[in-house]
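J.: Structure file start_21.tsv (TSV, C-alpha atoms) right here:
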```
chain	number	residue	atom	x	y	z
A	1	ALA	CA	15.02	22.93	3.10
A	2	ALA	CA	17.99	21.87	5.20
A	3	GLU	CA	20.71	24.48	5.67
A	4	GLU	CA	24.40	23.67	5.26
A	5	LYS	CA	24.91	23.67	9.02
A	6	THR	CA	22.12	21.07	9.35
A	7	TRP	CA	23.94	18.81	6.90
A	8	ARG	CA	27.27	19.29	8.71
A	9	HIS	CA	25.61	18.37	12.00
A	10	PHE	CA	24.10	15.29	10.31
A	11	VAL	CA	27.55	14.23	9.04
A	12	GLU	CA	29.14	14.69	12.46
A	13	GLU	CA	26.37	12.85	14.31
A	14	LEU	CA	26.77	9.74	12.14
A	15	HIS	CA	30.58	10.05	11.88
A	16	LEU	CA	30.38	9.97	8.09
A	17	SER	CA	33.58	9.87	6.06
A	18	PRO	CA	34.10	11.88	2.85
A	19	GLU	CA	33.40	8.65	0.96
A	20	ASP	CA	30.13	8.26	2.87
A	21	GLU	CA	29.16	11.83	1.99
A	22	ASP	CA	29.85	11.07	-1.65
A	23	ALA	CA	27.54	8.05	-1.46
A	24	LEU	CA	24.83	10.32	-0.02
A	25	VAL	CA	25.18	13.19	-2.49
A	26	GLN	CA	21.64	12.66	-3.81
A	27	LEU	CA	20.26	12.68	-0.27
A	28	ARG	CA	22.11	15.93	0.39
A	29	LEU	CA	20.77	17.58	-2.76
A	30	LEU	CA	17.24	16.40	-2.03
A	31	HIS	CA	17.26	17.74	1.51
A	32	ALA	CA	18.72	21.03	0.30
A	33	VAL	CA	15.39	21.45	-1.51
A	34	HIS	CA	13.04	19.64	0.89
A	35	ASP	CA	14.14	18.48	4.33
A	36	GLY	CA	11.64	15.65	4.69
A	37	GLN	CA	8.42	15.58	6.68
A	38	PHE	CA	8.06	16.91	10.21
A	39	ILE	CA	5.01	14.94	11.37
A	40	LYS	CA	4.18	15.40	15.04
A	41	ALA	CA	3.53	11.72	15.74
A	42	ASP	CA	6.96	10.85	14.29
A	43	ILE	CA	8.67	13.41	16.50
A	44	ALA	CA	6.85	12.05	19.57
A	45	LEU	CA	7.83	8.44	18.75
A	46	ALA	CA	11.45	9.46	18.23
A	47	ARG	CA	11.58	11.24	21.59
A	48	GLU	CA	9.97	8.26	23.37
A	49	ASN	CA	12.72	6.00	22.00
A	50	GLY	CA	15.56	8.40	22.78
A	51	VAL	CA	16.23	8.95	19.09
A	52	ILE	CA	16.17	12.75	19.50
A	53	GLU	CA	16.46	14.83	22.65
A	54	SER	CA	14.30	17.83	21.76
A	55	GLU	CA	11.51	18.66	19.37
A	56	PRO	CA	12.81	20.28	16.16
A	57	ASP	CA	11.05	23.13	14.43
A	58	GLY	CA	9.29	21.76	11.38
A	59	PRO	CA	8.38	23.67	8.20
A	60	LEU	CA	5.05	21.92	7.55
A	61	ALA	CA	1.62	23.42	8.02
A	62	ASP	CA	-0.36	22.14	10.99
A	63	GLU	CA	-2.79	20.14	8.86
A	64	VAL	CA	0.16	18.18	7.43
A	65	ALA	CA	2.13	17.93	10.65
A	66	ASP	CA	-0.97	16.50	12.34
A	67	GLY	CA	-1.69	14.03	9.52
A	68	ASP	CA	-0.35	10.65	10.64
A	69	MET	CA	-1.16	9.05	7.26
A	70	LEU	CA	0.19	11.83	5.00
A	71	GLY	CA	3.55	10.18	4.36
A	72	LEU	CA	4.96	11.03	0.92
A	73	ILE	CA	5.88	7.40	0.19
A	74	GLY	CA	2.29	6.21	0.68
A	75	GLY	CA	0.84	3.07	2.21
A	76	TYR	CA	-1.81	0.36	2.33
A	77	ALA	CA	-3.91	-1.63	4.78
A	78	ALA	CA	-5.61	-5.01	5.20
A	79	TYR	CA	-6.80	-7.10	8.16
A	80	GLY	CA	-5.70	-4.58	10.77
A	81	GLU	CA	-2.23	-4.18	9.24
A	82	LEU	CA	-1.53	-0.56	8.29
A	83	VAL	CA	1.59	0.94	6.74
A	84	ASN	CA	2.25	4.54	5.74
A	85	CYS	CA	5.81	5.65	4.96
A	86	ARG	CA	7.16	9.13	5.26
A	87	LEU	CA	10.39	10.74	4.06
A	88	PHE	CA	12.33	11.65	7.20
A	89	PRO	CA	14.03	15.02	7.81
A	90	LEU	CA	17.78	14.87	8.45
A	91	THR	CA	17.19	15.07	12.21
A	92	LEU	CA	15.21	11.83	12.21
A	93	ILE	CA	17.42	10.17	9.59
A	94	ALA	CA	20.38	10.62	11.92
A	95	GLY	CA	18.46	9.53	15.02
A	96	TRP	CA	16.85	6.42	13.57
A	97	THR	CA	20.07	5.42	11.77
A	98	ARG	CA	21.92	5.46	15.09
A	99	PHE	CA	19.06	3.50	16.68
A	100	PHE	CA	19.11	0.83	13.95
A	101	ARG	CA	22.89	0.56	14.09
A	102	GLU	CA	22.70	-0.12	17.81
A	103	GLN	CA	19.90	-2.69	17.45
A	104	LEU	CA	20.92	-4.60	14.31
A	105	PRO	CA	24.14	-6.46	13.45
A	106	ASP	CA	26.25	-5.29	10.51
A	107	ALA	CA	24.16	-2.13	10.02
A	108	SER	CA	26.98	0.40	10.13
A	109	SER	CA	26.94	0.99	6.37
A	110	TYR	CA	23.22	1.79	6.22
A	111	VAL	CA	21.37	5.10	6.53
A	112	VAL	CA	17.61	4.95	7.18
A	113	VAL	CA	15.88	7.60	5.04
A	114	ALA	CA	12.17	6.73	5.29
A	115	ALA	CA	9.87	4.51	7.35
A	116	SER	CA	6.29	3.80	8.30
A	117	PHE	CA	4.74	5.61	11.25
A	118	ASN	CA	4.99	2.34	13.23
A	119	LEU	CA	8.48	1.39	11.93
A	120	ARG	CA	7.14	-1.89	10.54
A	121	LYS	CA	8.66	-0.97	7.19
A	122	PHE	CA	11.70	1.17	6.40
A	123	PHE	CA	13.87	2.26	3.48
A	124	CYS	CA	17.63	2.68	3.71
A	125	ILE	CA	20.67	3.48	1.58
A	126	ASP	CA	23.68	1.17	1.57
A	127	LEU	CA	26.73	3.44	1.76
A	128	GLN	CA	28.94	0.77	0.19
A	129	THR	CA	26.83	0.34	-2.95
A	130	GLY	CA	24.47	3.32	-3.05
A	131	LYS	CA	21.51	0.96	-3.34
A	132	MET	CA	18.06	1.70	-1.94
A	133	ARG	CA	16.78	-1.19	0.15
A	134	VAL	CA	13.47	-1.95	1.89
A	135	GLY	CA	12.76	-4.13	4.89
A	136	PRO	CA	12.42	-5.91	7.13
A	137	VAL	CA	11.21	-8.75	4.91
A	138	ALA	CA	8.94	-10.99	7.00
A	139	LEU	CA	10.37	-14.26	5.72
A	140	ARG	CA	13.93	-13.09	6.35
A	141	ARG	CA	13.68	-11.90	9.96
A	142	GLY	CA	16.31	-13.32	12.26
A	143	ARG	CA	19.01	-13.52	9.62
A	144	ALA	CA	22.54	-12.45	10.34
A	145	SER	CA	22.69	-9.03	8.68
A	146	LEU	CA	20.58	-6.11	7.53
A	147	THR	CA	21.49	-6.97	3.94
A	148	GLN	CA	19.83	-10.36	4.38
A	149	THR	CA	16.69	-8.90	5.96
A	150	THR	CA	16.07	-6.32	3.22
A	151	LEU	CA	15.34	-6.28	-0.51
A	152	HIS	CA	16.57	-4.06	-3.32
A	153	ALA	CA	13.83	-1.44	-3.83
A	154	LEU	CA	14.54	-0.89	-7.53
A	155	PRO	CA	14.11	-3.25	-10.50
A	156	HIS	CA	16.97	-5.62	-11.18
A	157	ALA	CA	17.33	-4.07	-14.63
A	158	THR	CA	19.03	-1.11	-12.94
A	159	ASP	CA	21.26	-3.42	-10.91
A	160	GLY	CA	24.02	-4.09	-13.43
A	161	GLY	CA	21.54	-4.52	-16.27
A	162	ALA	CA	20.01	-2.03	-18.69
A	163	PRO	CA	20.92	1.61	-17.91
A	164	SER	CA	18.38	3.62	-15.96
A	165	ALA	CA	16.38	6.37	-17.62
A	166	TRP	CA	17.51	8.69	-14.83
A	167	SER	CA	21.11	7.70	-14.14
A	168	GLY	CA	23.92	5.33	-14.92
A	169	THR	CA	25.16	4.72	-11.39
A	170	PRO	CA	23.76	3.12	-8.24
A	171	ARG	CA	24.69	6.31	-6.39
A	172	ASP	CA	21.60	7.92	-7.95
A	173	GLU	CA	19.12	5.23	-6.94
A	174	MET	CA	17.23	7.38	-4.44
A	175	VAL	CA	16.59	10.01	-7.13
A	176	GLU	CA	15.40	7.37	-9.58
A	177	TRP	CA	13.18	5.77	-6.93
A	178	LEU	CA	11.55	9.09	-5.99
A	179	ALA	CA	11.20	10.10	-9.64
A	180	GLU	CA	9.30	6.90	-10.39
A	181	LEU	CA	7.05	7.50	-7.39
A	182	GLY	CA	6.39	11.02	-8.68
A	183	ARG	CA	5.59	9.69	-12.15
A	184	ARG	CA	3.05	7.24	-10.76
A	185	LEU	CA	1.42	9.96	-8.70
A	186	SER	CA	1.22	12.44	-11.58
A	187	SER	CA	-0.22	9.79	-13.92
A	188	ARG	CA	-2.74	8.75	-11.22
A	189	ILE	CA	-1.50	5.19	-10.93
A	190	TYR	CA	-1.48	6.06	-7.22
A	191	VAL	CA	-4.13	8.37	-5.76
A	192	ALA	CA	-5.07	9.78	-2.38
A	193	GLU	CA	-7.85	7.94	-0.56
A	194	THR	CA	-8.55	6.41	2.84
A	195	LEU	CA	-6.03	3.60	3.38
A	196	VAL	CA	-8.55	1.82	5.60
A	197	PRO	CA	-11.84	2.04	3.70
A	198	ARG	CA	-14.31	4.54	5.23
A	199	GLU	CA	-11.92	5.63	8.00
A	200	ALA	CA	-11.37	9.31	7.25
A	201	GLN	CA	-8.38	9.63	9.59
A	202	THR	CA	-6.41	7.26	7.33
A	203	MET	CA	-6.53	9.53	4.27
A	204	GLY	CA	-3.23	9.27	2.42
A	205	ILE	CA	-1.49	8.10	-0.74
A	206	SER	CA	-2.66	4.58	-1.56
A	207	LEU	CA	-0.12	2.27	-3.19
A	208	PHE	CA	-2.77	-0.01	-4.67
A	209	PRO	CA	-2.39	0.82	-8.38
A	210	ARG	CA	-5.45	2.24	-10.13
A	211	LEU	CA	-4.10	2.04	-13.69
A	212	GLY	CA	-1.67	-0.16	-15.62
A	213	ASP	CA	-0.95	-3.80	-16.34
A	214	ARG	CA	-1.25	-4.85	-12.69
A	215	VAL	CA	-4.91	-3.76	-12.60
A	216	SER	CA	-7.90	-5.71	-13.91
A	217	GLU	CA	-11.46	-4.58	-14.55
A	218	ALA	CA	-14.62	-6.40	-15.58
A	219	VAL	CA	-18.28	-5.36	-15.84
A	220	THR	CA	-21.14	-7.82	-15.41
A	221	ARG	CA	-24.74	-6.58	-15.71
A	222	GLY	CA	-23.63	-3.07	-14.81
A	223	ILE	CA	-21.55	-4.11	-11.78
A	224	CYS	CA	-17.93	-3.03	-12.20
A	225	VAL	CA	-15.14	-4.86	-10.34
A	226	THR	CA	-11.63	-3.35	-10.35
A	227	ALA	CA	-8.79	-5.28	-8.73
A	228	SER	CA	-5.09	-4.77	-8.08
A	229	ALA	CA	-2.37	-5.89	-5.69
A	230	ILE	CA	0.90	-4.79	-4.11
A	231	PHE	CA	3.77	-6.63	-2.46
A	232	ALA	CA	4.08	-5.89	1.27
A	233	PRO	CA	7.64	-6.97	2.16
A	234	GLU	CA	7.15	-6.53	5.90
A	235	GLN	CA	4.35	-9.12	5.70
A	236	GLY	CA	6.06	-11.32	3.12
A	237	ARG	CA	2.67	-11.39	1.39
A	238	ILE	CA	0.60	-9.72	-1.30
A	239	MET	CA	-2.11	-7.25	-0.30
A	240	TYR	CA	-4.94	-6.95	-2.80
A	241	SER	CA	-7.79	-4.52	-3.29
A	242	ILE	CA	-11.15	-5.32	-4.90
A	243	ARG	CA	-13.40	-2.34	-5.69
A	244	ILE	CA	-17.06	-2.97	-6.49
A	245	ARG	CA	-19.71	-0.52	-7.66
A	246	LEU	CA	-22.96	-0.44	-9.59
A	247	LEU	CA	-22.39	1.83	-12.59
A	248	ARG	CA	-24.77	4.68	-13.23
A	249	HIS	CA	-26.82	4.21	-16.36
A	250	ASP	CA	-25.10	7.19	-18.07
A	251	GLU	CA	-21.55	5.87	-17.46
A	252	PRO	CA	-19.60	3.79	-20.00
A	253	HIS	CA	-20.85	0.17	-19.74
A	254	GLY	CA	-23.64	1.35	-17.44
A	255	LEU	CA	-27.19	0.05	-17.87
A	256	THR	CA	-30.64	1.19	-16.87
A	257	SER	CA	-32.40	-0.79	-14.14
A	258	GLU	CA	-34.63	-2.29	-16.84
A	259	GLN	CA	-31.65	-3.41	-18.93
A	260	ARG	CA	-29.81	-5.06	-16.05
A	261	GLY	CA	-32.97	-6.41	-14.40
A	262	PHE	CA	-32.59	-4.79	-10.96
A	263	SER	CA	-32.13	-1.44	-9.20
A	264	THR	CA	-30.18	-2.95	-6.29
A	265	ALA	CA	-28.13	-6.13	-5.91
A	266	GLN	CA	-26.56	-7.69	-2.83
A	267	LEU	CA	-23.31	-9.62	-2.52
A	268	ARG	CA	-23.88	-13.13	-1.17
A	269	ALA	CA	-20.70	-15.17	-1.69
A	270	ARG	CA	-17.27	-15.28	-3.31
A	271	HIS	CA	-15.22	-17.81	-5.26
A	272	TRP	CA	-11.53	-17.00	-5.71
A	273	VAL	CA	-9.18	-18.89	-8.03
A	274	ILE	CA	-5.48	-18.44	-7.26
A	275	THR	CA	-3.10	-19.90	-9.86
A	276	ASP	CA	0.57	-20.40	-9.03
A	277	PRO	CA	3.38	-20.14	-11.63
A	278	SER	CA	3.24	-23.90	-12.29
A	279	GLY	CA	-0.46	-23.69	-13.19
A	280	LYS	CA	-1.74	-25.30	-9.99
A	281	GLN	CA	-5.01	-23.74	-8.85
A	282	ASP	CA	-6.32	-23.12	-5.36
A	283	HIS	CA	-10.08	-22.47	-5.03
A	284	VAL	CA	-11.43	-20.44	-2.12
A	285	HIS	CA	-15.18	-20.30	-1.42
A	286	GLY	CA	-16.95	-18.28	1.25
A	287	ASP	CA	-20.04	-16.30	2.21
A	288	GLY	CA	-19.73	-12.52	1.98
A	289	VAL	CA	-16.35	-10.80	2.24
A	290	VAL	CA	-14.87	-10.50	5.76
A	291	GLY	CA	-18.39	-10.59	7.19
A	292	MET	CA	-19.71	-7.90	4.85
A	293	TYR	CA	-22.62	-8.18	2.41
A	294	PRO	CA	-22.81	-4.83	0.58
A	295	LEU	CA	-26.13	-3.95	-1.05
A	296	LEU	CA	-25.21	-2.02	-4.20
A	297	ARG	CA	-27.16	0.85	-5.71
A	298	GLU	CA	-26.22	3.50	-8.25
A	299	GLY	CA	-23.81	5.90	-6.55
A	300	GLY	CA	-23.28	3.89	-3.39
A	301	TRP	CA	-24.08	0.88	-1.24
A	302	ARG	CA	-25.53	-0.21	2.09
A	303	ASP	CA	-23.18	-1.56	4.75
A	304	ASP	CA	-24.94	-4.84	5.62
A	305	GLN	CA	-22.94	-7.14	7.90
A	306	GLN	CA	-23.14	-10.64	9.30
A	307	SER	CA	-24.60	-10.88	12.80
A	308	ARG	CA	-22.27	-11.97	15.57
A	309	SER	CA	-24.37	-15.07	16.19
A	310	ALA	CA	-23.87	-16.36	12.63
A	311	GLY	CA	-21.22	-18.95	11.82
A	312	HIS	CA	-18.58	-18.77	9.10
A	313	ALA	CA	-20.61	-20.77	6.57
A	314	ASN	CA	-24.20	-21.12	5.35
A	315	VAL	CA	-25.18	-17.66	6.54
A	316	THR	CA	-28.92	-17.08	6.13
A	317	PRO	CA	-30.46	-13.79	4.93
A	318	GLU	CA	-31.90	-13.27	8.43
A	319	GLN	CA	-28.35	-13.34	9.84
A	320	VAL	CA	-27.29	-10.41	7.63
A	321	ILE	CA	-28.06	-7.15	9.43
A	322	PRO	CA	-28.96	-4.07	7.32
A	323	GLY	CA	-26.43	-1.28	7.79
A	324	ALA	CA	-25.95	2.40	7.09
A	325	PRO	CA	-26.07	3.86	3.58
A	326	CYS	CA	-22.64	4.72	2.12
A	327	GLU	CA	-21.62	6.75	-0.91
A	328	GLY	CA	-19.09	5.77	-3.57
A	329	THR	CA	-17.36	2.44	-4.12
A	330	PHE	CA	-17.34	-0.62	-1.86
A	331	ILE	CA	-13.69	-1.58	-1.24
A	332	TYR	CA	-12.50	-4.93	0.07
A	333	GLN	CA	-8.81	-5.35	0.99
A	334	SER	CA	-7.14	-8.59	2.00
A	335	MET	CA	-3.91	-10.65	1.77
A	336	SER	CA	-2.67	-13.59	-0.24
A	337	GLY	CA	0.54	-15.51	-0.76
A	338	PRO	CA	2.77	-14.18	-3.56
A	339	SER	CA	2.06	-16.63	-6.36
A	340	GLY	CA	0.84	-16.14	-9.90
A	341	THR	CA	-2.60	-14.71	-10.64
A	342	PHE	CA	-5.87	-14.08	-8.83
A	343	GLU	CA	-9.36	-14.15	-10.36
A	344	GLY	CA	-12.84	-15.34	-9.53
A	345	GLU	CA	-16.54	-14.67	-9.27
A	346	ILE	CA	-18.78	-12.90	-6.79
A	347	ALA	CA	-22.35	-14.13	-6.38
A	348	PHE	CA	-24.97	-11.35	-6.34
A	349	VAL	CA	-28.70	-11.50	-5.68
A	350	PRO	CA	-30.97	-8.98	-7.48
A	351	GLY	CA	-32.92	-6.87	-4.99
A	352	SER	CA	-31.58	-8.03	-1.62
A	353	LEU	CA	-30.87	-11.26	0.24
A	354	ARG	CA	-34.07	-10.91	2.25
A	355	GLU	CA	-36.19	-9.76	-0.70
A	356	PRO	CA	-34.74	-11.16	-3.93
A	357	THR	CA	-36.27	-9.97	-7.20
A	358	GLY	CA	-34.57	-12.47	-9.50
A	359	ALA	CA	-32.15	-15.36	-9.82
A	360	GLU	CA	-28.64	-15.18	-8.37
A	361	PHE	CA	-25.91	-14.34	-10.90
A	362	ALA	CA	-22.10	-14.34	-11.01
A	363	VAL	CA	-20.04	-11.15	-11.36
A	364	ARG	CA	-16.60	-11.67	-12.85
A	365	VAL	CA	-13.32	-10.68	-11.19
A	366	ALA	CA	-10.85	-10.53	-14.07
A	367	PRO	CA	-7.33	-11.98	-13.54
A	368	PHE	CA	-4.69	-9.74	-12.01
A	369	PRO	CA	-1.10	-10.56	-10.95
A	370	ILE	CA	-0.26	-11.28	-7.32
A	371	SER	CA	3.34	-12.24	-7.99
A	372	VAL	CA	6.45	-10.43	-6.79
A	373	SER	CA	8.20	-8.96	-9.82
A	374	GLU	CA	11.95	-8.30	-9.88
A	375	ARG	CA	11.24	-5.78	-12.63
A	376	ASP	CA	9.25	-3.40	-10.46
A	377	PHE	CA	9.97	-0.81	-7.81
A	378	ILE	CA	9.03	-1.38	-4.17
A	379	PHE	CA	7.43	1.58	-2.41
```
Take the structure in this file and express it as structure tokens.

T.:
Amino acid sequence: AAEEKTWRHFVEELHLSPEDEDALVQLRLLHAVHDGQFIKADIALARENGVIESEPDGPLADEVADGDMLGLIGGYAAYGELVNCRLFPLTLIAGWTRFFREQLPDASSYVVVAASFNLRKFFCIDLQTGKMRVGPVALRRGRASLTQTTLHALPHATDGGAPSAWSGTPRDEMVEWLAELGRRLSSRIYVAETLVPREAQTMGISLFPRLGDRVSEAVTRGICVTASAIFAPEQGRIMYSIRIRLLRHDEPHGLTSEQRGFSTAQLRARHWVITDPSGKQDHVHGDGVVGMYPLLREGGWRDDQQSRSAGHANVTPEQVIPGAPCEGTFIYQSMSGPSGTFEGEIAFVPGSLREPTGAEFAVRVAPFPISVSERDFIF
């Protein structure tokens, strides 16, 4: 928790007026209870950029302070892009706010309260309105002001529309935003897992929803496919997650190997159908998924991958190299433009590509939204 003298130093460092302090009353109350996250990598980055002069004493245990991906706001990853946002302590809020004000035009009314470890995404409070904003939005970079390069992080219903369940004033937006994040965590809409599949060092809060109306699930011959998506403003795109596993025979919708006709099945190809709001469809066909051809079994999968000598199309079974056995669910994460809905089919071969035991069959990917909703929060 931040002491009163820490808050006074924060106010003096940013030259905040009494009106500014009033706009930040929720930030002050929050940091009186929990003064953000002291993560060692964040402190090092701040010192490298001259944001702070010395290393502050942090209250977190070493296993948290050393965890680069343990940001409270969570994150996501796809195609080498990785974001994980943490709630800054007052020391870093002051330092990065000064840094942003020096680097960006018309930023004097903004206070940066949270950001990704690599600063590719940040959250700020507008002192003039009390609104929480997120940026920089990829498609808006280069515009004249910070207002134009960020988005409102709360649903438009709380922006002059229906009253919020938590407050009736924009001054309380940070509390409402954090409360909604807490609700989603406690209800397991968001869970902790590796942000980059199978990379243990990226364990953190994943913002790909696991429950709710933005998640789809379908089971075909015992193969379960769960899909969801999230808007990544810093990319100006949608990131989506497709989770594939062969259900155990004693699970709901699970089948015995005799009932489904195979004990293992291998992914061969994909067919995505992306429908924009006007109803226009874009069809995407391809072998494997990002060069991967998982061989599913009950409880896990084998990490088969395309050989480097193979081309991007018409990959033969001999060009798919058997990989290491893995436990749990195969997870594929990628990006798409923000438009409408996403669905499709995944072609599987019973047995394996090299030793098929039956005819190829299609596994359904049920439709899920990949649109940007003005009625949702942005985390």

J.: Give me the residues within 10 Å of Leu181 (chain A) as a PyMOL selection string, counting only C-alpha atoms and dropping any in the same chain fewer than 5 places off.

T.: chain A and resi 72-74+175-176+186+189-190+207+377-379

J.: Mind listing as a list in words all residues within 7 Å of (-20.8, -20.5, -1.7), counting all atoms listed in the file?

T.: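 Returned residue set, sorted by chain then number, is Ala269, Arg270, His285, Gly286 and Asp287 of chain A.
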
J.: Excluding same-chain residues fewer than 3 positions from Ile321 (chain A), what lies within 7 Å of it counting only C-alpha atoms, as a list in words?

T.: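 Non-adjacent residues within range: Asp304, Gln305, Gln306 and Ser307 of chain A.
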
J.: Which residue out of A:Ser257, A:Gln266, A:Ser187, A:Ser228 has the minimum interatomic distance to Ala359 (chain A) when all atoms listed in the file are used?

T.: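 Ranking A:Ser257, A:Gln266, A:Ser187, A:Ser228 by distance to Ala359 (chain A), first place goes to A:Gln266.
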
J.: Let me make sure I understand: among A:Arg245, A:Arg354, A:His15, A:Arg237, which one has the smallest atom-to-atom distance to Pro294 (chain A) if we use all atoms listed in the file?

T.: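 For Pro294 (chain A), the nearest of the candidates is A:Arg245.
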
J.: Would you kindly identify which residues have an atom no farther than 7 Å from (-19.0, -12.2, -11.9), using all atoms listed in the file and the file's own coordinates, and write them out as a list in words?

T.: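 The answer, in the requested form, is Thr220, Glu345, Ile346, Ala347, Ala362, Val363, Arg364 and Val365 of chain A.
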
J.: Would you mind listing what lies within 10 Å of Cys85 (chain A) as a list in words, with all atoms listed in the file counted and same-chain residues fewer than 6 positions away left out?

T.: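 These residues fall inside the cut-off: Asp68, Met69, Leu70, Gly71, Leu72, Ile73, Gly74, Gly75, Tyr76, Ala114, Ala115, Ser116, Phe117, Asn118, Leu119, Arg120, Lys121, Phe122, Phe123, Ile205 and Phe379 of chain A.
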
J.: May I ask which of the residues A:Glu53, A:Glu343, A:Glu193, A:Glu180 is the closest one to Tyr240 (chain A), counting only C-alpha atoms?

T.: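 Comparing A:Glu53, A:Glu343, A:Glu193, A:Glu180 against Tyr240 (chain A), the winner is A:Glu343.
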
J.: Render region 182-224 of chain A from the structure in the preceding block as a file of C-alpha atoms, as a compact mmCIF listing (two decimals), in the first residue's frame.

T.:
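Writing the result to out25.txt gives the following:
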```txt
# COMPACT_ATOMS: atom_id res chain seq x y z
CA GLY A 182 -12.15 -9.08 -11.19
CA ARG A 183 -15.59 -10.44 -12.03
CA ARG A 184 -14.30 -12.14 -15.16
CA LEU A 185 -11.41 -13.67 -13.25
CA SER A 186 -13.58 -14.95 -10.40
CA SER A 187 -16.11 -16.44 -12.84
CA ARG A 188 -13.26 -18.05 -14.84
CA ILE A 189 -14.01 -16.20 -18.05
CA TYR A 190 -10.28 -15.44 -17.87
CA VAL A 191 -7.85 -18.02 -16.46
CA ALA A 192 -4.13 -18.36 -15.90
CA GLU A 193 -2.24 -20.28 -18.57
CA THR A 194 0.81 -19.89 -20.79
CA LEU A 195 0.22 -16.89 -23.06
CA VAL A 196 2.45 -18.48 -25.70
CA PRO A 197 1.33 -22.12 -25.84
CA ARG A 198 3.83 -24.53 -24.22
CA GLU A 199 6.24 -21.77 -23.16
CA ALA A 200 6.22 -22.03 -19.37
CA GLN A 201 7.93 -18.67 -18.85
CA THR A 202 4.87 -16.93 -20.32
CA MET A 203 2.46 -18.14 -17.62
CA GLY A 204 -0.01 -15.37 -16.85
CA ILE A 205 -3.64 -14.26 -17.05
CA SER A 206 -4.96 -15.00 -20.54
CA LEU A 207 -7.52 -12.56 -21.94
CA PHE A 208 -8.91 -15.07 -24.43
CA PRO A 209 -12.35 -15.72 -22.90
CA ARG A 210 -13.10 -19.30 -21.86
CA LEU A 211 -16.82 -18.81 -21.15
CA GLY A 212 -19.62 -16.58 -22.41
CA ASP A 213 -21.25 -15.46 -25.63
CA ARG A 214 -17.93 -14.71 -27.35
CA VAL A 215 -16.88 -18.37 -27.09
CA SER A 216 -17.97 -21.23 -29.35
CA GLU A 217 -17.63 -24.97 -28.90
CA ALA A 218 -18.38 -27.94 -31.14
CA VAL A 219 -17.68 -31.67 -30.85
CA THR A 220 -17.24 -33.91 -33.90
CA ARG A 221 -16.54 -37.63 -33.40
CA GLY A 222 -15.13 -36.94 -29.95
CA ILE A 223 -12.87 -34.06 -31.06
CA CYS A 224 -13.77 -30.86 -29.19
```
